[in-house]
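Structure file structure17.cif (mmCIF, C-alpha atoms) follows.
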```cif
data_work
#
loop_
_atom_site.label_atom_id
_atom_site.label_comp_id
_atom_site.auth_asym_id
_atom_site.auth_seq_id
_atom_site.Cartn_x
_atom_site.Cartn_y
_atom_site.Cartn_z
CA MET A 1 -6.03 9.48 55.82
CA THR A 2 -2.50 9.99 54.69
CA ALA A 3 -2.65 6.94 52.47
CA VAL A 4 -5.89 8.16 50.83
CA ALA A 5 -4.46 11.63 50.40
CA SER A 6 -1.34 10.29 48.72
CA THR A 7 -3.42 8.05 46.51
CA LEU A 8 -5.46 11.00 45.38
CA SER A 9 -2.56 13.42 45.15
CA PRO A 10 -2.48 15.36 41.86
CA ALA A 11 0.53 13.43 40.63
CA GLU A 12 -1.58 10.30 40.56
CA VAL A 13 -4.47 11.78 38.68
CA THR A 14 -4.37 11.19 34.97
CA THR A 15 -6.48 13.10 32.50
CA VAL A 16 -8.97 11.04 30.61
CA GLU A 17 -8.02 11.02 26.94
CA GLY A 18 -10.09 9.81 24.05
CA ASP A 19 -9.44 6.22 23.15
CA PRO A 20 -7.63 6.60 19.83
CA ASP A 21 -9.33 3.49 18.57
CA LEU A 22 -12.70 5.19 18.77
CA ASP A 23 -13.41 7.36 15.79
CA THR A 24 -14.11 10.42 17.92
CA ASP A 25 -12.15 13.61 17.60
CA GLN A 26 -8.69 12.15 17.05
CA PRO A 27 -8.10 12.45 13.35
CA TRP A 28 -5.74 10.20 11.49
CA ILE A 29 -3.65 11.36 8.60
CA VAL A 30 -2.61 9.42 5.54
CA LEU A 31 0.86 10.05 4.15
CA VAL A 32 2.26 9.07 0.78
CA TRP A 33 6.01 8.58 0.61
CA ASN A 34 8.38 9.19 -2.28
CA ASP A 35 9.77 6.18 -4.10
CA PRO A 36 12.05 5.84 -7.14
CA ILE A 37 9.66 3.77 -9.27
CA ASN A 38 6.21 5.38 -9.37
CA THR A 39 6.09 8.10 -12.00
CA MET A 40 4.92 11.64 -11.33
CA GLU A 41 2.15 11.39 -13.91
CA TYR A 42 0.84 8.16 -12.42
CA VAL A 43 0.89 9.43 -8.83
CA THR A 44 -0.94 12.62 -9.83
CA LEU A 45 -3.68 10.72 -11.62
CA VAL A 46 -4.07 8.29 -8.71
CA PHE A 47 -4.63 11.23 -6.34
CA GLN A 48 -7.26 12.63 -8.71
CA LYS A 49 -9.01 9.30 -9.01
CA LEU A 50 -8.97 8.21 -5.36
CA PHE A 51 -9.69 11.54 -3.69
CA GLY A 52 -11.47 13.52 -6.39
CA TYR A 53 -8.80 16.22 -6.25
CA SER A 54 -8.42 18.67 -9.10
CA LYS A 55 -5.42 18.13 -11.34
CA GLN A 56 -3.88 21.22 -9.79
CA LYS A 57 -4.22 20.00 -6.22
CA ALA A 58 -3.14 16.48 -7.12
CA THR A 59 -0.06 17.85 -8.88
CA LYS A 60 0.86 19.96 -5.89
CA LEU A 61 0.58 16.97 -3.55
CA MET A 62 2.64 14.85 -5.91
CA LEU A 63 5.35 17.51 -6.04
CA ASP A 64 5.35 17.67 -2.24
CA VAL A 65 5.88 13.90 -2.13
CA HIS A 66 8.62 14.15 -4.71
CA GLU A 67 10.46 17.12 -3.24
CA LYS A 68 9.86 16.76 0.50
CA GLY A 69 9.84 12.99 0.68
CA ARG A 70 6.23 12.67 1.76
CA ALA A 71 2.90 14.51 1.91
CA VAL A 72 -0.39 14.26 3.77
CA VAL A 73 -3.01 13.26 1.21
CA SER A 74 -6.06 12.81 3.40
CA SER A 75 -7.25 12.82 6.99
CA GLY A 76 -10.22 11.56 8.93
CA PRO A 77 -11.36 8.83 11.25
CA ARG A 78 -9.23 5.75 11.58
CA SER A 79 -11.50 3.50 9.55
CA GLN A 80 -11.44 5.87 6.59
CA ALA A 81 -7.67 6.30 6.83
CA GLU A 82 -7.21 2.54 6.66
CA ILE A 83 -9.41 2.35 3.56
CA ASP A 84 -7.43 5.16 1.93
CA VAL A 85 -4.14 3.43 2.74
CA PHE A 86 -5.43 0.20 1.25
CA ARG A 87 -6.61 1.88 -1.96
CA LEU A 88 -3.27 3.63 -2.32
CA HIS A 89 -1.45 0.31 -1.78
CA GLU A 90 -3.71 -1.25 -4.36
CA HIS A 91 -2.40 1.33 -6.82
CA GLY A 92 1.18 0.61 -5.84
CA LEU A 93 1.85 3.74 -3.83
CA TRP A 94 3.55 3.63 -0.47
CA ALA A 95 1.08 5.05 2.04
CA THR A 96 1.08 5.01 5.82
CA MET A 97 -1.29 6.27 8.48
CA GLN A 98 -0.70 7.88 11.86
CA HIS A 99 -2.34 10.08 14.46
CA ASP A 100 -2.48 13.72 13.50
CA GLU A 101 -0.43 15.42 16.18
CA MET B 102 12.92 -3.61 -27.54
CA GLY B 103 11.63 -0.12 -28.05
CA LEU B 104 8.00 0.81 -28.21
CA PHE B 105 7.38 1.72 -31.84
CA ARG B 106 4.49 3.88 -32.90
CA ASN B 107 3.00 1.18 -35.11
CA ASP B 108 3.04 -1.40 -32.32
CA TRP B 109 0.19 0.22 -30.46
CA ALA B 110 -2.44 2.93 -30.54
CA VAL B 111 -4.59 4.28 -27.76
CA ARG B 112 -7.09 7.07 -27.97
CA ARG B 113 -10.19 8.25 -26.20
CA ARG B 114 -13.39 7.80 -28.15
CA ARG B 115 -16.08 10.43 -28.36
CA ASP B 116 -18.34 8.36 -26.12
CA GLY B 117 -15.74 8.41 -23.36
CA ASP B 118 -14.46 4.87 -23.84
CA PHE B 119 -11.04 4.08 -25.27
CA ASP B 120 -9.66 2.27 -28.24
CA LEU B 121 -6.51 0.31 -27.46
CA VAL B 122 -4.90 -1.59 -30.29
CA LEU B 123 -1.74 -3.60 -29.81
CA SER B 124 0.29 -5.45 -32.41
CA PRO B 125 0.25 -9.23 -31.88
CA GLN B 126 3.90 -9.08 -30.87
CA LEU B 127 3.26 -6.42 -28.25
CA ALA B 128 0.19 -8.23 -26.97
CA GLN B 129 2.32 -11.35 -26.54
CA VAL B 130 4.96 -9.44 -24.60
CA VAL B 131 2.25 -8.10 -22.29
CA ARG B 132 0.70 -11.55 -21.95
CA ASP B 133 4.09 -13.06 -21.06
CA LEU B 134 5.01 -10.42 -18.50
CA LEU B 135 1.61 -10.54 -16.83
CA GLY B 136 1.72 -14.33 -16.84
CA GLN B 137 5.07 -14.30 -15.08
CA LEU B 138 3.81 -11.85 -12.47
CA ASP B 139 0.68 -13.89 -11.90
CA GLU B 140 2.76 -17.02 -11.40
CA LEU B 141 4.94 -15.23 -8.89
CA LEU B 142 1.90 -13.95 -6.99
CA GLU B 143 0.38 -17.40 -6.90
CA GLN B 144 3.40 -19.57 -6.21
CA ALA B 145 5.88 -17.34 -4.43
CA PRO B 146 3.93 -14.68 -2.55
CA ASP B 147 6.86 -14.12 -0.19
CA ASP B 148 9.35 -13.44 -2.96
CA PRO B 149 11.36 -10.33 -2.01
CA SER B 150 10.71 -8.72 -5.39
CA LEU B 151 7.02 -8.47 -4.38
CA ARG B 152 7.93 -6.43 -1.32
CA ARG B 153 6.84 -3.09 -2.78
CA LEU B 154 3.40 -4.50 -3.48
CA HIS B 155 2.89 -4.82 0.28
CA PRO B 156 4.31 -1.71 1.93
CA PRO B 157 3.85 -1.05 5.65
CA ALA B 158 0.75 0.90 6.68
CA TYR B 159 2.03 1.89 10.13
CA LEU B 160 5.60 3.01 10.58
CA ASP B 161 5.63 3.16 14.35
CA ASP B 162 3.18 0.46 15.37
CA ALA B 163 4.35 -3.05 14.54
CA GLU B 164 1.29 -4.66 16.10
CA HIS B 165 -1.24 -2.71 14.07
CA ASP B 166 0.82 -3.13 10.95
CA ALA B 167 0.92 -6.89 11.44
CA ALA B 168 -2.88 -6.86 11.68
CA TYR B 169 -3.14 -4.73 8.55
CA GLN B 170 -0.75 -6.96 6.57
CA LEU B 171 -2.80 -9.99 7.55
CA LEU B 172 -6.04 -8.38 6.41
CA ALA B 173 -4.76 -6.53 3.39
CA GLY B 174 -2.15 -8.98 2.12
CA ASP B 175 -4.52 -11.53 0.65
CA GLU B 176 -6.92 -8.88 -0.56
CA LEU B 177 -4.19 -7.01 -2.44
CA ARG B 178 -2.88 -10.23 -3.97
CA THR B 179 -6.37 -11.31 -5.07
CA LYS B 180 -7.15 -7.95 -6.62
CA ARG B 181 -3.86 -7.94 -8.49
CA ARG B 182 -4.45 -11.39 -9.91
CA GLU B 183 -7.98 -10.40 -10.92
CA ALA B 184 -6.62 -7.33 -12.70
CA ILE B 185 -4.05 -9.46 -14.52
CA ALA B 186 -6.76 -11.87 -15.65
CA ALA B 187 -8.97 -8.99 -16.77
CA VAL B 188 -6.18 -7.29 -18.72
CA THR B 189 -5.19 -10.57 -20.37
CA ASP B 190 -8.79 -10.92 -21.57
CA MET B 191 -8.75 -7.33 -22.80
CA LEU B 192 -5.90 -8.18 -25.16
CA GLU B 193 -8.57 -9.75 -27.36
CA ARG B 194 -10.69 -6.58 -27.39
CA GLU B 195 -10.13 -3.11 -28.71
CA ARG B 196 -12.71 -1.09 -26.83
CA LEU B 197 -12.06 -0.37 -23.18
CA THR B 198 -13.83 1.57 -20.45
CA ASP B 199 -12.26 3.94 -17.95
CA ASP B 200 -12.27 1.13 -15.36
CA ASP B 201 -10.59 -1.21 -17.86
CA LEU B 202 -7.83 1.30 -18.40
CA TRP B 203 -7.27 1.54 -14.68
CA GLN B 204 -6.89 -2.26 -14.52
CA TRP B 205 -4.18 -1.81 -17.16
CA LEU B 206 -2.52 0.99 -15.21
CA ARG B 207 -2.49 -0.95 -11.95
CA SER B 208 -1.19 -4.09 -13.64
CA LEU B 209 1.56 -2.27 -15.50
CA ASN B 210 2.44 -0.47 -12.29
CA ALA B 211 2.67 -3.75 -10.39
CA LEU B 212 5.03 -5.03 -13.09
CA ARG B 213 7.13 -1.88 -12.81
CA LEU B 214 7.35 -2.24 -9.04
CA VAL B 215 8.41 -5.88 -9.20
CA VAL B 216 10.88 -5.47 -12.07
CA GLY B 217 12.17 -2.27 -10.52
CA THR B 218 12.74 -4.04 -7.24
CA ARG B 219 14.67 -6.80 -9.00
CA LEU B 220 16.80 -4.12 -10.68
CA ASP B 221 17.19 -2.24 -7.39
CA ILE B 222 16.10 0.95 -9.14
CA SER B 223 17.06 4.23 -7.49
CA GLU B 224 16.09 7.82 -8.33
CA ASP B 225 19.17 8.14 -10.52
CA ASP B 226 18.16 5.34 -12.83
CA ASP B 227 15.29 7.30 -14.35
CA ASP B 228 16.90 8.00 -17.70
CA ARG B 229 19.06 4.95 -18.09
CA ASP B 230 18.92 3.90 -21.70
CA ASP B 231 22.45 2.67 -22.15
CA ILE B 232 21.80 -0.94 -21.36
CA ASP B 233 24.51 -3.31 -22.54
CA PRO B 234 22.76 -6.15 -24.40
CA GLU B 235 25.23 -8.54 -22.78
CA ASP B 236 24.12 -7.42 -19.34
CA PRO B 237 22.25 -10.32 -17.74
CA ASP B 238 19.75 -7.75 -16.48
CA ALA B 239 19.09 -6.51 -20.03
CA PRO B 240 15.72 -8.34 -20.33
CA LEU B 241 14.63 -6.84 -17.00
CA TRP B 242 15.61 -3.35 -18.18
CA GLN B 243 13.72 -3.89 -21.43
CA ALA B 244 10.64 -4.98 -19.49
CA TYR B 245 10.99 -1.97 -17.20
CA HIS B 246 11.29 0.54 -20.05
CA PHE B 247 8.52 -1.11 -22.02
CA THR B 248 6.00 -1.11 -19.18
CA THR B 249 6.96 2.46 -18.29
CA ALA B 250 6.41 3.65 -21.87
CA LEU B 251 3.11 1.82 -22.27
CA GLN B 252 1.84 3.05 -18.92
CA TYR B 253 2.77 6.61 -19.90
CA GLN B 254 0.75 6.35 -23.12
CA LEU B 255 -2.30 5.06 -21.26
CA LEU B 256 -1.96 7.84 -18.66
CA THR B 257 -1.82 10.45 -21.40
CA ALA B 258 -4.96 9.02 -23.02
CA LEU B 259 -6.74 9.09 -19.65
CA GLY B 260 -5.90 12.74 -19.30
CA GLY B 261 -2.89 12.55 -17.04
#
```

Can you give me the file's structure in the form of structure tokens?
Amino acid sequence: MTAVASTLSPAEVTTVEGDPDLDTDQPWIVLVWNDPINTMEYVTLVFQKLFGYSKQKATKLMLDVHEKGRAVVSSGPRSQAEIDVFRLHEHGLWATMQHDE
Amino acid sequence: MGLFRNDWAVRRRRDGDFDLVLSPQLAQVVRDLLGQLDELLEQAPDDPSLRRLHPPAYLDDAEHDAAYQLLAGDELRTKRREAIAAVTDMLERERLTDDDLWQWLRSLNALRLVVGTRLDISEDDDDRDDIDPEDPDAPLWQAYHFTTALQYQLLTALGG
């Protein structure tokens, strides 16, 4: 009985977490990072084109990238984040994706 | 070489398309630069100057990034070469659609990234216009400034 009890002691019990590979409720975020080559005008227009953002919102995001080093440009399930990263790479921007913590 | 006003003209038409007119000299410069980039993409895909065309997608997950690079690497290269071919064809035309202009923008941007990588551009180099003609990098700087200026004009026409 002691062995069973120690096996089932609270320290052994792990909480069941969502598998991050399933597109359930673990959102992913897409970040764009500052770089010395892409121009501010280009980055702003790319944000407008890829995400449908207004010029105002796209400009704000671009300024965040420029001044803070990076900004979150979109979030969602993993599959969508990967598509967004790819489209940003296609336009020459440096984008990465990670869990939203 | 500077970008002179009579070397090019771009404007949005009333029907939403664009007119882009380049002097033969300018068109040849574009053709040459794109041709060189295409050759690099085809024959030397691992050249370090292409590095910024394939940035990492995951910063803290080497395994997932390796998978992404495998999937995305060829796709990105193919799309870039297709854009270069499309833009080269467009040099013969004057009327372009919105999508055409974006092919231009992406191609010019790819050139800027590659040339900029070769020049090891940093944030401070933004306004460098004092290039010594004897500098062996002078042609690279010219290409960089030229593609930057042309891209800026196209962005302005698109409403950027």

Care to translate the PyMOL selection byres ((chain A) within 6 of (chain B)) into actual residues of this file, as a PyMOL selection string? chain A and resi 36+45+91+94+96-97

Give me, as a count of residues only, all polymer residues having an atom no more than 8 Å from B:Leu123, counting all atoms listed in the file and skipping those fewer than 2 positions away in the same chain. 9

Give me, as a ChimeraX atom specification, all polymer residues having an atom no more than 7 Å from stretch 74-83 of chain A, counting all atoms listed in the file and skipping those fewer than 6 positions away in the same chain. /A:23,27-30,97

Written file, previous selection with C-alpha atoms, as a CSV table (one decimal), in the frame of the given file:
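Saved the output as again15.csv:
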```csv
chain,number,residue,atom,x,y,z
A,23,ASP,CA,-13.4,7.4,15.8
A,27,PRO,CA,-8.1,12.4,13.4
A,28,TRP,CA,-5.7,10.2,11.5
A,29,ILE,CA,-3.6,11.4,8.6
A,30,VAL,CA,-2.6,9.4,5.5
A,97,MET,CA,-1.3,6.3,8.5
```

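This file, filtered with the PyMOL selection byres ((chain A and resi 68-73) around 6), gives the residues Val30, Leu31, Val32, Trp33, Asn34, Asp64, Val65, His66, Glu67 and Ser74 of chain A.
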
Write the residues of the preceding selection, restricted to C-alpha atoms, as a PDB file, in the frame of the given file.
```
ATOM      1  CA  VAL A  30      -2.610   9.420   5.540  1.00  0.00           C
ATOM      2  CA  LEU A  31       0.860  10.050   4.150  1.00  0.00           C
ATOM      3  CA  VAL A  32       2.260   9.070   0.780  1.00  0.00           C
ATOM      4  CA  TRP A  33       6.010   8.580   0.610  1.00  0.00           C
ATOM      5  CA  ASN A  34       8.380   9.190  -2.280  1.00  0.00           C
ATOM      6  CA  ASP A  64       5.350  17.670  -2.240  1.00  0.00           C
ATOM      7  CA  VAL A  65       5.880  13.900  -2.130  1.00  0.00           C
ATOM      8  CA  HIS A  66       8.620  14.150  -4.710  1.00  0.00           C
ATOM      9  CA  GLU A  67      10.460  17.120  -3.240  1.00  0.00           C
ATOM     10  CA  SER A  74      -6.060  12.810   3.400  1.00  0.00           C
TER      11      SER A  74
END
```

Grab the atom CA of B:Leu134 to atom CA of B:Ala244 distance for me, in Å with one decimal place.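 Answer for the atom CA of B:Leu134 to atom CA of B:Ala244 separation: 7.9 Å.
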
Once you add 6 Å to each side, what are the centre and edge lengths of the axis-aligned box holding all listed atoms of stretch 251-254 of chain B? One decimal in Å, as JSON, if you can.
```
{"center_x": 1.9, "center_y": 4.2, "center_z": -21.0, "size_x": 14.4, "size_y": 16.8, "size_z": 16.2}
```

Would you compute the distance between atom CA of B:Ala145 and atom CA of B:Val131? Give it in Å to one decimal.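 These two atoms are separated by 20.4 Å.
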
Can you tell me how far atom CA of B:Pro234 sits from atom CA of B:Gln129, in Å to one decimal? 21.2 Å

List every protein, DNA or RNA residue with an atom no more than 12 Å from (-9.8, 12.8, -11.1) in the file's coordinates, counting only C-alpha atoms, and format the result as a ChimeraX atom specification. /A:42-59 /B:199,256,259-261

Those residues you just picked out, can you put them in a file as a compact mmCIF listing (two decimals), in the coordinates of the input with C-alpha atoms?
```txt
# COMPACT_ATOMS: atom_id res chain seq x y z
CA TYR A 42 0.84 8.16 -12.42
CA VAL A 43 0.89 9.43 -8.83
CA THR A 44 -0.94 12.62 -9.83
CA LEU A 45 -3.68 10.72 -11.62
CA VAL A 46 -4.07 8.29 -8.71
CA PHE A 47 -4.63 11.23 -6.34
CA GLN A 48 -7.26 12.63 -8.71
CA LYS A 49 -9.01 9.30 -9.01
CA LEU A 50 -8.97 8.21 -5.36
CA PHE A 51 -9.69 11.54 -3.69
CA GLY A 52 -11.47 13.52 -6.39
CA TYR A 53 -8.80 16.22 -6.25
CA SER A 54 -8.42 18.67 -9.10
CA LYS A 55 -5.42 18.13 -11.34
CA GLN A 56 -3.88 21.22 -9.79
CA LYS A 57 -4.22 20.00 -6.22
CA ALA A 58 -3.14 16.48 -7.12
CA THR A 59 -0.06 17.85 -8.88
CA ASP B 199 -12.26 3.94 -17.95
CA LEU B 256 -1.96 7.84 -18.66
CA LEU B 259 -6.74 9.09 -19.65
CA GLY B 260 -5.90 12.74 -19.30
CA GLY B 261 -2.89 12.55 -17.04
```

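Selecting by distance to (-11.3, -1.0, -30.6) with a limit of 6 Å and using only C-alpha atoms, one obtains B:Asp120, B:Leu121, B:Glu195, B:Arg196.
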
Write the residues of the preceding selection, restricted to C-alpha atoms, as a compact mmCIF listing (two decimals), keeping the file's coordinate frame.
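So part16.txt came out as:
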```
# COMPACT_ATOMS: atom_id res chain seq x y z
CA ASP B 120 -9.66 2.27 -28.24
CA LEU B 121 -6.51 0.31 -27.46
CA GLU B 195 -10.13 -3.11 -28.71
CA ARG B 196 -12.71 -1.09 -26.83
```
